[in-house]
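Novice: Questions regarding the structure given below will be posed in turn.
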Protein chains: 4
Amino acid sequence: MTHKIHGIVSYPITPFNPADGSVDLPTLKRLIDRLVANGSHAIAPLGSAGESAYLTDAEWEAVAEASIRHVARRLPVIVGISDLTTRNAVRRAKFAEQAGADAVMVMPVAYWKLSDAEIFRHYAEIAQAVGLPIMVYNNPATSGIDMPPALIFKLFSEIDNVTMVKESTGDIQRMHRLQQLSDGGIPLFNGSNPLALEAFAAGAAGWCTAAPNLIPEWPARLYEACTRGDLVQAREVFYRQLPLLQFILKGGLPTTVKAGLNLVGFMAGIPRAPLQPLSKEGEAQLGAILAGLAAR
Amino acid sequence: MTHKIHGIVSYPITPFNPADGSVDLPTLKRLIDRLVANGSHAIAPLGSAGESAYLTDAEWEAVAEASIRHVARRLPVIVGISDLTTRNAVRRAKFAEQAGADAVMVMPVAYWKLSDAEIFRHYAEIAQAVGLPIMVYNNPATSGIDMPPALIFKLFSEIDNVTMVKESTGDIQRMHRLQQLSDGGIPLFNGSNPLALEAFAAGAAGWCTAAPNLIPEWPARLYEACTRGDLVQAREVFYRQLPLLQFILKGGLPTTVKAGLNLVGFMAGIPRAPLQPLSKEGEAQLGAILAGLAAR
Amino acid sequence: MTHKIHGIVSYPITPFNPADGSVDLPTLKRLIDRLVANGSHAIAPLGSAGESAYLTDAEWEAVAEASIRHVARRLPVIVGISDLTTRNAVRRAKFAEQAGADAVMVMPVAYWKLSDAEIFRHYAEIAQAVGLPIMVYNNPATSGIDMPPALIFKLFSEIDNVTMVKESTGDIQRMHRLQQLSDGGIPLFNGSNPLALEAFAAGAAGWCTAAPNLIPEWPARLYEACTRGDLVQAREVFYRQLPLLQFILKGGLPTTVKAGLNLVGFMAGIPRAPLQPLSKEGEAQLGAILAGLAAR
Amino acid sequence: MTHKIHGIVSYPITPFNPADGSVDLPTLKRLIDRLVANGSHAIAPLGSAGESAYLTDAEWEAVAEASIRHVARRLPVIVGISDLTTRNAVRRAKFAEQAGADAVMVMPVAYWKLSDAEIFRHYAEIAQAVGLPIMVYNNPATSGIDMPPALIFKLFSEIDNVTMVKESTGDIQRMHRLQQLSDGGIPLFNGSNPLALEAFAAGAAGWCTAAPNLIPEWPARLYEACTRGDLVQAREVFYRQLPLLQFILKGGLPTTVKAGLNLVGFMAGIPRAPLQPLSKEGEAQLGAILAGLAAR
């Protein structure tokens, strides 16, 4: 049986060795330990923050396998298996299943725009190839495809193992619509960091975020306040962490989260080119934000 | 002294006589009485819902004067004085002040796009002409001008009697930004109906809405739950009224609110051409939504 | 009989007296004489460039009447009668007809968005009220309403006196679509200055422009080259005047055209507030552009 | 020495074997022969139409090599080498050079948005790795990155072997701006099919298009009329082929071009999943359009 997924779903970045740019698995494992130990409710390797799109197939497989093994069932693991072709997405989903993942996350990726029918078939073929629960992931800013609520609801209703939805548009009305379409029945996960407070207010089951790489305790505090229904406390802890959430969104997660880890002495390397390290000016801003949050 | 404005700011529609399309002041007064008696914390004639833009100057003056007199200090009155030219906006602001308004609401209106400097001067000249508090109103969907948070904060900081902000973009990040810029110091009013829950969650002081014309008790219940910090109850009452909020936004407030009033037997006429009455199909949908809310 | 309209349709600005901001009819008449004498094929008062939206009804009537009388049938006159309400647009259309206009130009104006049916009825009621040819004007950037080609074609096909279309979106594909829908039968006028070359290449019958206020001979040269089918010459004269066309579009026509007239010694006042005069920096740029064009 | 590139740059699709979806090189070679023989001025394998993004590295190499060898210097060959990582784009550029390409085409590809500095470095590293001329390719609809004219001009000015620009936004103002920035010095290639007439009118050196797969003679006729400066003839041949250009753009090039080839008896297979074959309804429309063009 898979764990019931909820709360803070943490997205580790993928560290690279400074020397040759290869994947640095030992550092990844140490990062996973930090996330597991500090308030995460699930671990999700190979998402957008994990630079999944920039890895070779062999690298992707090494990260998937190492992550699942190292979490070692302490928490559920959701593996991002998105790929441009259906064939490779299916292959990755099977690999994740065999490696012991608890769920897979799937975002359709565009070069040529996809019709609703093409998107549906993409999900259906992946779903048929594995027995794992699937989290539908909508993030047009990175994927180039925007799935409207009606299509997402159709995927959820008609494909058995589509059981969760991660919405990263940052548009709270999408969440309202999905709640209405499913009569509150879809477990919704918010993937837009600066929308965290409002997504929980609107009834989200969880928050998919790379922020715990840097400030693991703050997202958990927001989740707890919202779970208690304490709006005043939720608002307070949200506005405290909002500058960090805004900063990592604006600068791109791999760039900013790796810079932040390096700043606090957890050496995580730099993102893969064409992505470049954060500027000195950006580092100074980020350092000030982190210092402000550490003060309390 | 003016009242301290907060909570549910109700926007009456402007009824027209079916016979000749002239303004129907007696019906407006009865509508105001309903709003005052059923949970409003302020009354705001001559807003977007009030078809202010479609009135002649003489009609505008008649509605302003009748509204202020009829509220008769039972609640604060905020009068919409927006106009394309600075000259006429100033004239209207003075009229509202002399007629006894508690505040004026001002939205810049575009034909030719305005620079930030032009918008600032527009507000400054209006502010200088009156002693009333001014509510800055940002609603690009109707006005064609989108004022970013930095400009709104500048208006608030540098013009003494700019004391409130109504944000109708529906973008919760604007509210976050204004809270951050002012360190929580700007009284924020949400003008996007389907964002009501999240705007209160984010710390809004009030909700500017035409919904009370149709369902006066529901917006008030949401405000009360949020004021108590009770997120569970707030979410419950929000989702109950959300279909109505979505419907009136989508169909245009004058069209849908007048149709709804007629449906419940409060004959309010139709909007002014080129606006047309709600279709029969739309009436059926609206009737079903209203019946659902009345059931409890 | 009305003149057959084609070629360069010139839009005079509306001069205001510097002292009190009132309409300056003598200057307007001198400007019209310049336009008539220098390559225009039609004169179109009270368009976007003419600040029609910023005038009172009385001012609008004075400009309409003076323009028609002063052109005195030397060229066709197309009067802009756009207004937010159908009632006032009809009133203006009748006024223009009685004053002797050759055609009226009509743009629907939004505060609340209009449905296709509402737009159609708006045009139909105006068309029924007058016997004049109507030019449908699509300019979403100023009006807030974007009429797709299918709707424009429906207006042209189903309303007898809708006989011309002015497209100002700057999207050449709209022109293609209108040509296709009408099998080349709609007289198309381009209202986007920096698209002038391509619109003529695509088969436009004319160019609606305020540029002749400043450089009357250049638009006419482009039209002549295109009429001759001489692409090389057309391209040459287009790129010469393009900096001016870009400048007046970007800065807003009333602001930039008035500044340009003042620069060349034709004192035309400033636009009406909230519009402000062109900045000193803008004046220097505009002066350089005009000097470059005068040099040859 | 490389050929001087201009005119019709034809983009072959990449055929797949119906049986197993593998690349079908013999059919590709026959297609290239048709393109070479019927009015193309250059051949550009592995572009958007060639489903380059959907190929494995091994497949990409096989297509690049086979295309260059089979063209065999009858025409210049421009190879698309775009990839998400700089490392793999460099690798592909070197491969293309060693295989004998005349130029490479490079589009930056986004998952995480790239800054101007990141884009510049991406191009600079590719340019340094090879001696070939580079065509900068801007197509935000497929790549998720929109390079403004100023950045493109910077690439052209500061990187020696960046010598050509392909603009596929469909925005003619980008072409104007690039002409102005470079004083007419950048060889501009239009990549938006329905803009072909206007791009030539504005001075484009060539048209990058997959249309010759289906109607090789028509694009060539347009180019010839424009080269002669004959606007009347250019307009005539453009409007004749416009329905085909609109259809292949709207439906996605691999999908529609492969369907069209199959319709005319040149069996080219179907696109790679998640892309699906054209619907029966679409096939009927396309068949009618092709029949109309063949009639003359």
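Naming works like this for the structure tokens: A, B, ... for the chains as they're shown, residue 1 at the start of each chain, ligands 1 onward in shown order.
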Give the residues of chain C that lie within 10 Å of chain D; count only C-alpha atoms, and format the answer as an NGL selection string.
Specialist: :C and (170-173 or 176-177 or 179-180 or 194-195 or 197-203 or 225-236 or 238-239 or 242-243 or 246)
Novice: Quick one: residues within 10 Å of Pro140 in chain C, only C-alpha atoms counted, chain neighbours fewer than 6 positions away excluded, as an MDAnalysis selection string?
Specialist: (chainID B and resid 144) or (chainID C and resid 107:110 146:147 167:169)
Novice: Please dump the current selection as a PDB file, in the first residue's frame; keep all heavy atoms.
Specialist:
```
ATOM      1  N   GLY B 144      -9.300  49.866 -18.411  1.00  0.00           N
ATOM      2  CA  GLY B 144      -8.238  49.867 -19.401  1.00  0.00           C
ATOM      3  C   GLY B 144      -6.901  50.335 -18.854  1.00  0.00           C
ATOM      4  O   GLY B 144      -5.933  50.465 -19.597  1.00  0.00           O
TER       5      GLY B 144
ATOM      6  N   MET C 107     -16.947  52.972 -33.415  1.00  0.00           N
ATOM      7  CA  MET C 107     -16.250  51.970 -32.609  1.00  0.00           C
ATOM      8  C   MET C 107     -17.117  51.701 -31.391  1.00  0.00           C
ATOM      9  O   MET C 107     -17.572  52.644 -30.736  1.00  0.00           O
ATOM     10  CB  MET C 107     -14.905  52.537 -32.168  1.00  0.00           C
ATOM     11  CG  MET C 107     -14.155  51.694 -31.184  1.00  0.00           C
ATOM     12  SD  MET C 107     -12.479  52.355 -30.924  1.00  0.00           S
ATOM     13  CE  MET C 107     -12.853  53.829 -29.956  1.00  0.00           C
ATOM     14  N   PRO C 108     -17.373  50.444 -31.063  1.00  0.00           N
ATOM     15  CA  PRO C 108     -18.071  50.184 -29.797  1.00  0.00           C
ATOM     16  C   PRO C 108     -17.114  50.474 -28.654  1.00  0.00           C
ATOM     17  O   PRO C 108     -15.917  50.222 -28.777  1.00  0.00           O
ATOM     18  CB  PRO C 108     -18.403  48.693 -29.868  1.00  0.00           C
ATOM     19  CG  PRO C 108     -17.430  48.115 -30.837  1.00  0.00           C
ATOM     20  CD  PRO C 108     -16.987  49.213 -31.755  1.00  0.00           C
ATOM     21  N   VAL C 109     -17.609  51.016 -27.558  1.00  0.00           N
ATOM     22  CA  VAL C 109     -16.764  51.361 -26.427  1.00  0.00           C
ATOM     23  C   VAL C 109     -17.201  50.535 -25.232  1.00  0.00           C
ATOM     24  O   VAL C 109     -18.389  50.391 -24.966  1.00  0.00           O
ATOM     25  CB  VAL C 109     -16.871  52.866 -26.095  1.00  0.00           C
ATOM     26  CG1 VAL C 109     -15.863  53.232 -25.009  1.00  0.00           C
ATOM     27  CG2 VAL C 109     -16.649  53.708 -27.336  1.00  0.00           C
ATOM     28  N   ALA C 110     -16.240  49.982 -24.523  1.00  0.00           N
ATOM     29  CA  ALA C 110     -16.567  49.106 -23.407  1.00  0.00           C
ATOM     30  C   ALA C 110     -16.400  49.814 -22.084  1.00  0.00           C
ATOM     31  O   ALA C 110     -15.449  50.568 -21.889  1.00  0.00           O
ATOM     32  CB  ALA C 110     -15.642  47.904 -23.403  1.00  0.00           C
ATOM     33  N   ASP C 146     -12.579  43.983 -28.588  1.00  0.00           N
ATOM     34  CA  ASP C 146     -11.910  43.469 -29.778  1.00  0.00           C
ATOM     35  C   ASP C 146     -12.910  42.668 -30.611  1.00  0.00           C
ATOM     36  O   ASP C 146     -13.382  41.620 -30.194  1.00  0.00           O
ATOM     37  CB  ASP C 146     -10.734  42.579 -29.367  1.00  0.00           C
ATOM     38  CG  ASP C 146      -9.852  42.237 -30.562  1.00  0.00           C
ATOM     39  OD1 ASP C 146     -10.151  42.694 -31.688  1.00  0.00           O
ATOM     40  OD2 ASP C 146      -8.871  41.509 -30.376  1.00  0.00           O
ATOM     41  N   MET C 147     -13.232  43.190 -31.781  1.00  0.00           N
ATOM     42  CA  MET C 147     -14.185  42.504 -32.660  1.00  0.00           C
ATOM     43  C   MET C 147     -13.422  41.585 -33.602  1.00  0.00           C
ATOM     44  O   MET C 147     -12.646  42.051 -34.436  1.00  0.00           O
ATOM     45  CB  MET C 147     -14.984  43.520 -33.464  1.00  0.00           C
ATOM     46  CG  MET C 147     -15.891  44.382 -32.595  1.00  0.00           C
ATOM     47  SD  MET C 147     -16.965  45.466 -33.561  1.00  0.00           S
ATOM     48  CE  MET C 147     -15.793  46.741 -34.070  1.00  0.00           C
ATOM     49  N   GLU C 167      -9.335  48.674 -39.375  1.00  0.00           N
ATOM     50  CA  GLU C 167      -8.727  47.713 -38.444  1.00  0.00           C
ATOM     51  C   GLU C 167      -7.475  48.346 -37.839  1.00  0.00           C
ATOM     52  O   GLU C 167      -6.546  48.694 -38.567  1.00  0.00           O
ATOM     53  CB  GLU C 167      -8.339  46.450 -39.227  1.00  0.00           C
ATOM     54  CG  GLU C 167      -9.019  45.179 -38.793  1.00  0.00           C
ATOM     55  CD  GLU C 167      -8.661  44.763 -37.378  1.00  0.00           C
ATOM     56  OE1 GLU C 167      -7.625  45.208 -36.877  1.00  0.00           O
ATOM     57  OE2 GLU C 167      -9.423  43.997 -36.775  1.00  0.00           O
ATOM     58  N   SER C 168      -7.471  48.467 -36.520  1.00  0.00           N
ATOM     59  CA  SER C 168      -6.334  49.110 -35.846  1.00  0.00           C
ATOM     60  C   SER C 168      -5.623  48.190 -34.871  1.00  0.00           C
ATOM     61  O   SER C 168      -4.843  48.663 -34.045  1.00  0.00           O
ATOM     62  CB  SER C 168      -6.812  50.369 -35.114  1.00  0.00           C
ATOM     63  OG  SER C 168      -7.252  51.338 -36.042  1.00  0.00           O
ATOM     64  N   THR C 169      -5.868  46.885 -34.953  1.00  0.00           N
ATOM     65  CA  THR C 169      -5.170  45.991 -34.024  1.00  0.00           C
ATOM     66  C   THR C 169      -3.689  45.891 -34.360  1.00  0.00           C
ATOM     67  O   THR C 169      -2.888  45.521 -33.510  1.00  0.00           O
ATOM     68  CB  THR C 169      -5.734  44.560 -34.078  1.00  0.00           C
ATOM     69  OG1 THR C 169      -5.672  44.101 -35.429  1.00  0.00           O
ATOM     70  CG2 THR C 169      -7.155  44.502 -33.583  1.00  0.00           C
TER      71      THR C 169
END
```
Novice: Find the residues around Val130 in chain D up to 7 Å (only C-alpha atoms counted), leave out those fewer than 3 positions away in its own chain, and share them as a ChimeraX atom specification.
Specialist: /D:93-94,97,126-127
Novice: What's the 9 Å shell around Ala99 in chain B, counting only C-alpha atoms, without same-chain residues fewer than 6 positions away, as number ranges by chain?
Specialist: B: 64-65, 68-69
Novice: Using only C-alpha atoms, which residue out of B:Pro149, B:Gly7, B:Gly206, B:Gly282 lies closest to Asn190 in chain B?
Specialist: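 Among the listed residues, B:Gly206 lies closest to Asn190 in chain B.
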Novice: For Trp218 in chain B, work out the shell of residues within 9 Å, counting only C-alpha atoms and skipping chain neighbours fewer than 6 positions away, then give it as a list of chain:residue names.
Specialist: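 After dropping sequence-adjacent residues, the list is B:Gly39, B:Ala211, B:Pro212, B:Val237, B:Phe238, B:Arg240, B:Gln241, B:Leu293.
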Novice: Please compute the CA of Ala103 in chain B-CA of Pro133 in chain B distance, one decimal, in Å.
Specialist: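 So the answer is 4.9 Å.
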Novice: Which residues are close to Leu75 in chain A, i.e. within 12 Å by only C-alpha atoms, leaving aside same-chain residues fewer than 4 positions away? Reply as JSON, numbers by chain.
Specialist: {"A": [2, 3, 4, 5, 6, 7, 8, 9, 10, 32, 33, 35, 36, 37, 38, 39, 40, 41, 42, 43, 44, 67, 68, 69, 70, 71, 101, 102, 103]}
Novice: Given the selection you just returned, output its residues as a file containing N, CA and C atoms, formatted as a PDB file, in the first residue's frame.
Specialist:
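Result file is out_39.pdb:
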```pdb
ATOM      1  N   THR A   2       0.410   2.253  -0.680  1.00  0.00           N
ATOM      2  CA  THR A   2       1.137   3.524  -0.675  1.00  0.00           C
ATOM      3  C   THR A   2       0.679   4.345   0.522  1.00  0.00           C
ATOM      4  N   HIS A   3       1.543   5.241   0.938  1.00  0.00           N
ATOM      5  CA  HIS A   3       1.168   6.163   1.987  1.00  0.00           C
ATOM      6  C   HIS A   3       0.088   7.105   1.467  1.00  0.00           C
ATOM      7  N   LYS A   4      -0.700   7.604   2.355  1.00  0.00           N
ATOM      8  CA  LYS A   4      -1.650   8.660   2.001  1.00  0.00           C
ATOM      9  C   LYS A   4      -0.866   9.968   1.969  1.00  0.00           C
ATOM     10  N   ILE A   5      -0.873  10.633   0.813  1.00  0.00           N
ATOM     11  CA  ILE A   5      -0.017  11.810   0.666  1.00  0.00           C
ATOM     12  C   ILE A   5      -0.773  13.088   0.999  1.00  0.00           C
ATOM     13  N   HIS A   6      -0.106  13.996   1.727  1.00  0.00           N
ATOM     14  CA  HIS A   6      -0.714  15.255   2.158  1.00  0.00           C
ATOM     15  C   HIS A   6       0.406  16.147   2.704  1.00  0.00           C
ATOM     16  N   GLY A   7       0.045  17.382   3.009  1.00  0.00           N
ATOM     17  CA  GLY A   7       0.979  18.274   3.711  1.00  0.00           C
ATOM     18  C   GLY A   7       2.100  18.813   2.843  1.00  0.00           C
ATOM     19  N   ILE A   8       3.284  18.854   3.406  1.00  0.00           N
ATOM     20  CA  ILE A   8       4.424  19.462   2.721  1.00  0.00           C
ATOM     21  C   ILE A   8       5.150  18.414   1.882  1.00  0.00           C
ATOM     22  N   VAL A   9       5.045  18.559   0.568  1.00  0.00           N
ATOM     23  CA  VAL A   9       5.747  17.665  -0.362  1.00  0.00           C
ATOM     24  C   VAL A   9       7.019  18.399  -0.792  1.00  0.00           C
ATOM     25  N   SER A  10       8.152  17.876  -0.358  1.00  0.00           N
ATOM     26  CA  SER A  10       9.424  18.601  -0.552  1.00  0.00           C
ATOM     27  C   SER A  10      10.147  18.132  -1.809  1.00  0.00           C
ATOM     28  N   ILE A  32      18.343  14.879   1.227  1.00  0.00           N
ATOM     29  CA  ILE A  32      17.107  14.136   1.513  1.00  0.00           C
ATOM     30  C   ILE A  32      16.969  13.899   3.015  1.00  0.00           C
ATOM     31  N   ASP A  33      18.041  13.559   3.663  1.00  0.00           N
ATOM     32  CA  ASP A  33      17.978  13.356   5.119  1.00  0.00           C
ATOM     33  C   ASP A  33      17.495  14.616   5.840  1.00  0.00           C
ATOM     34  N   LEU A  35      15.611  16.966   4.612  1.00  0.00           N
ATOM     35  CA  LEU A  35      14.195  17.176   4.316  1.00  0.00           C
ATOM     36  C   LEU A  35      13.321  16.226   5.120  1.00  0.00           C
ATOM     37  N   VAL A  36      13.745  14.963   5.198  1.00  0.00           N
ATOM     38  CA  VAL A  36      12.959  13.975   5.940  1.00  0.00           C
ATOM     39  C   VAL A  36      12.891  14.354   7.421  1.00  0.00           C
ATOM     40  N   ALA A  37      13.987  14.880   7.920  1.00  0.00           N
ATOM     41  CA  ALA A  37      14.070  15.141   9.359  1.00  0.00           C
ATOM     42  C   ALA A  37      13.387  16.432   9.794  1.00  0.00           C
ATOM     43  N   ASN A  38      13.013  17.279   8.828  1.00  0.00           N
ATOM     44  CA  ASN A  38      12.567  18.630   9.208  1.00  0.00           C
ATOM     45  C   ASN A  38      11.200  19.034   8.689  1.00  0.00           C
ATOM     46  N   GLY A  39      10.222  18.177   8.867  1.00  0.00           N
ATOM     47  CA  GLY A  39       8.854  18.651   8.616  1.00  0.00           C
ATOM     48  C   GLY A  39       8.242  18.267   7.279  1.00  0.00           C
ATOM     49  N   SER A  40       8.952  17.578   6.397  1.00  0.00           N
ATOM     50  CA  SER A  40       8.337  17.143   5.142  1.00  0.00           C
ATOM     51  C   SER A  40       7.365  15.996   5.401  1.00  0.00           C
ATOM     52  N   HIS A  41       6.323  15.911   4.552  1.00  0.00           N
ATOM     53  CA  HIS A  41       5.400  14.785   4.616  1.00  0.00           C
ATOM     54  C   HIS A  41       5.558  13.852   3.425  1.00  0.00           C
ATOM     55  N   ALA A  42       6.328  14.286   2.444  1.00  0.00           N
ATOM     56  CA  ALA A  42       6.647  13.431   1.293  1.00  0.00           C
ATOM     57  C   ALA A  42       7.858  14.035   0.596  1.00  0.00           C
ATOM     58  N   ILE A  43       8.557  13.191  -0.176  1.00  0.00           N
ATOM     59  CA  ILE A  43       9.752  13.633  -0.901  1.00  0.00           C
ATOM     60  C   ILE A  43       9.517  13.397  -2.393  1.00  0.00           C
ATOM     61  N   ALA A  44       9.830  14.441  -3.211  1.00  0.00           N
ATOM     62  CA  ALA A  44       9.521  14.354  -4.641  1.00  0.00           C
ATOM     63  C   ALA A  44      10.747  14.696  -5.485  1.00  0.00           C
ATOM     64  N   SER A  67      17.247   8.159  -4.761  1.00  0.00           N
ATOM     65  CA  SER A  67      16.302   8.876  -3.895  1.00  0.00           C
ATOM     66  C   SER A  67      15.366   7.900  -3.195  1.00  0.00           C
ATOM     67  N   ILE A  68      14.812   6.998  -3.972  1.00  0.00           N
ATOM     68  CA  ILE A  68      13.862   6.043  -3.389  1.00  0.00           C
ATOM     69  C   ILE A  68      14.556   5.189  -2.326  1.00  0.00           C
ATOM     70  N   ARG A  69      15.734   4.675  -2.670  1.00  0.00           N
ATOM     71  CA  ARG A  69      16.459   3.832  -1.712  1.00  0.00           C
ATOM     72  C   ARG A  69      16.815   4.584  -0.440  1.00  0.00           C
ATOM     73  N   HIS A  70      17.224   5.830  -0.631  1.00  0.00           N
ATOM     74  CA  HIS A  70      17.710   6.551   0.543  1.00  0.00           C
ATOM     75  C   HIS A  70      16.563   7.011   1.448  1.00  0.00           C
ATOM     76  N   VAL A  71      15.429   7.356   0.874  1.00  0.00           N
ATOM     77  CA  VAL A  71      14.286   7.701   1.728  1.00  0.00           C
ATOM     78  C   VAL A  71      13.900   6.449   2.522  1.00  0.00           C
ATOM     79  N   ALA A 101       8.972   3.505  -6.094  1.00  0.00           N
ATOM     80  CA  ALA A 101       8.298   4.781  -5.855  1.00  0.00           C
ATOM     81  C   ALA A 101       6.885   4.549  -5.328  1.00  0.00           C
ATOM     82  N   ASP A 102       6.388   5.523  -4.565  1.00  0.00           N
ATOM     83  CA  ASP A 102       5.016   5.436  -4.073  1.00  0.00           C
ATOM     84  C   ASP A 102       4.015   6.063  -5.042  1.00  0.00           C
ATOM     85  N   ALA A 103       4.494   6.959  -5.875  1.00  0.00           N
ATOM     86  CA  ALA A 103       3.627   7.626  -6.850  1.00  0.00           C
ATOM     87  C   ALA A 103       4.528   8.263  -7.902  1.00  0.00           C
TER      88      ALA A 103
END
```
Novice: From a backbone DSSP assignment, name each residue in range 58-90 of chain B labelled alpha helix (DSSP H), as a count of residues only.
Specialist: 19
Novice: Apply DSSP to the structure's backbone, then extract all residues of range 34-217 of chain B labelled strand (DSSP E) and return them as a list in words.
Specialist: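 Here is the list: Ala42, Ile43, Ile78, Val79, Gly80, Ala103, Val104, Met105, Val106, Ile134, Met135, Val136, Tyr137, Asn138, Val162, Thr163, Met164, Val165, Lys166, Glu167, Leu188, Phe189, Asn190, Gly206, Trp207, Cys208 and Thr209 of chain B.
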Novice: Can you pull out the residues contacting Lys250 in chain A? Cut-off 12 Å, using only C-alpha atoms, and skip same-chain residues under 4 positions away; I want them as a VMD selection string.
Specialist: (chain A and resid 141 192 to 194 243 to 246 254 to 257 278 282 286) or (chain D and resid 112 to 115)
Novice: Selection from above, C-alpha atoms, as a compact mmCIF listing (two decimals), in the first residue's frame, can you write it?
Specialist:
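As a result, part29.txt now contains:
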```txt
# COMPACT_ATOMS: atom_id res chain seq x y z
CA ALA A 141 5.15 28.39 -17.32
CA SER A 192 2.86 27.99 -6.64
CA ASN A 193 4.90 29.05 -3.61
CA PRO A 194 3.49 32.57 -3.11
CA PRO A 243 9.88 37.16 0.71
CA LEU A 244 11.76 33.87 0.41
CA LEU A 245 8.93 32.29 -1.58
CA GLN A 246 8.83 35.27 -3.95
CA PRO A 254 17.43 25.48 -9.27
CA THR A 255 19.37 28.73 -9.43
CA THR A 256 18.11 30.25 -6.21
CA VAL A 257 17.80 27.14 -4.06
CA LEU A 278 22.86 33.37 -9.04
CA GLY A 282 21.09 38.11 -5.89
CA LEU A 286 18.93 35.98 -0.61
CA TRP D 112 13.37 27.40 -16.64
CA LYS D 113 13.27 30.82 -18.26
CA LEU D 114 16.65 32.12 -19.36
CA SER D 115 18.03 35.59 -18.76
```
Novice: What gap, in Å, lies between CA of Leu31 in chain B and CA of Arg73 in chain B?
Specialist: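 Computing it gives 15.9 Å between the two atoms.
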Novice: To one decimal place in Å, what is the distance between CA of Thr86 in chain C and CA of Pro271 in chain C?
Specialist: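 Atom-to-atom, CA of Thr86 in chain C and CA of Pro271 in chain C are spaced 26.4 Å apart.
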Novice: Hey, which of D:Ala284, D:Ile81, D:Ile13, D:Ile134 ends up closest to Met267 in chain D? Count only C-alpha atoms.
Specialist: D:Ile13
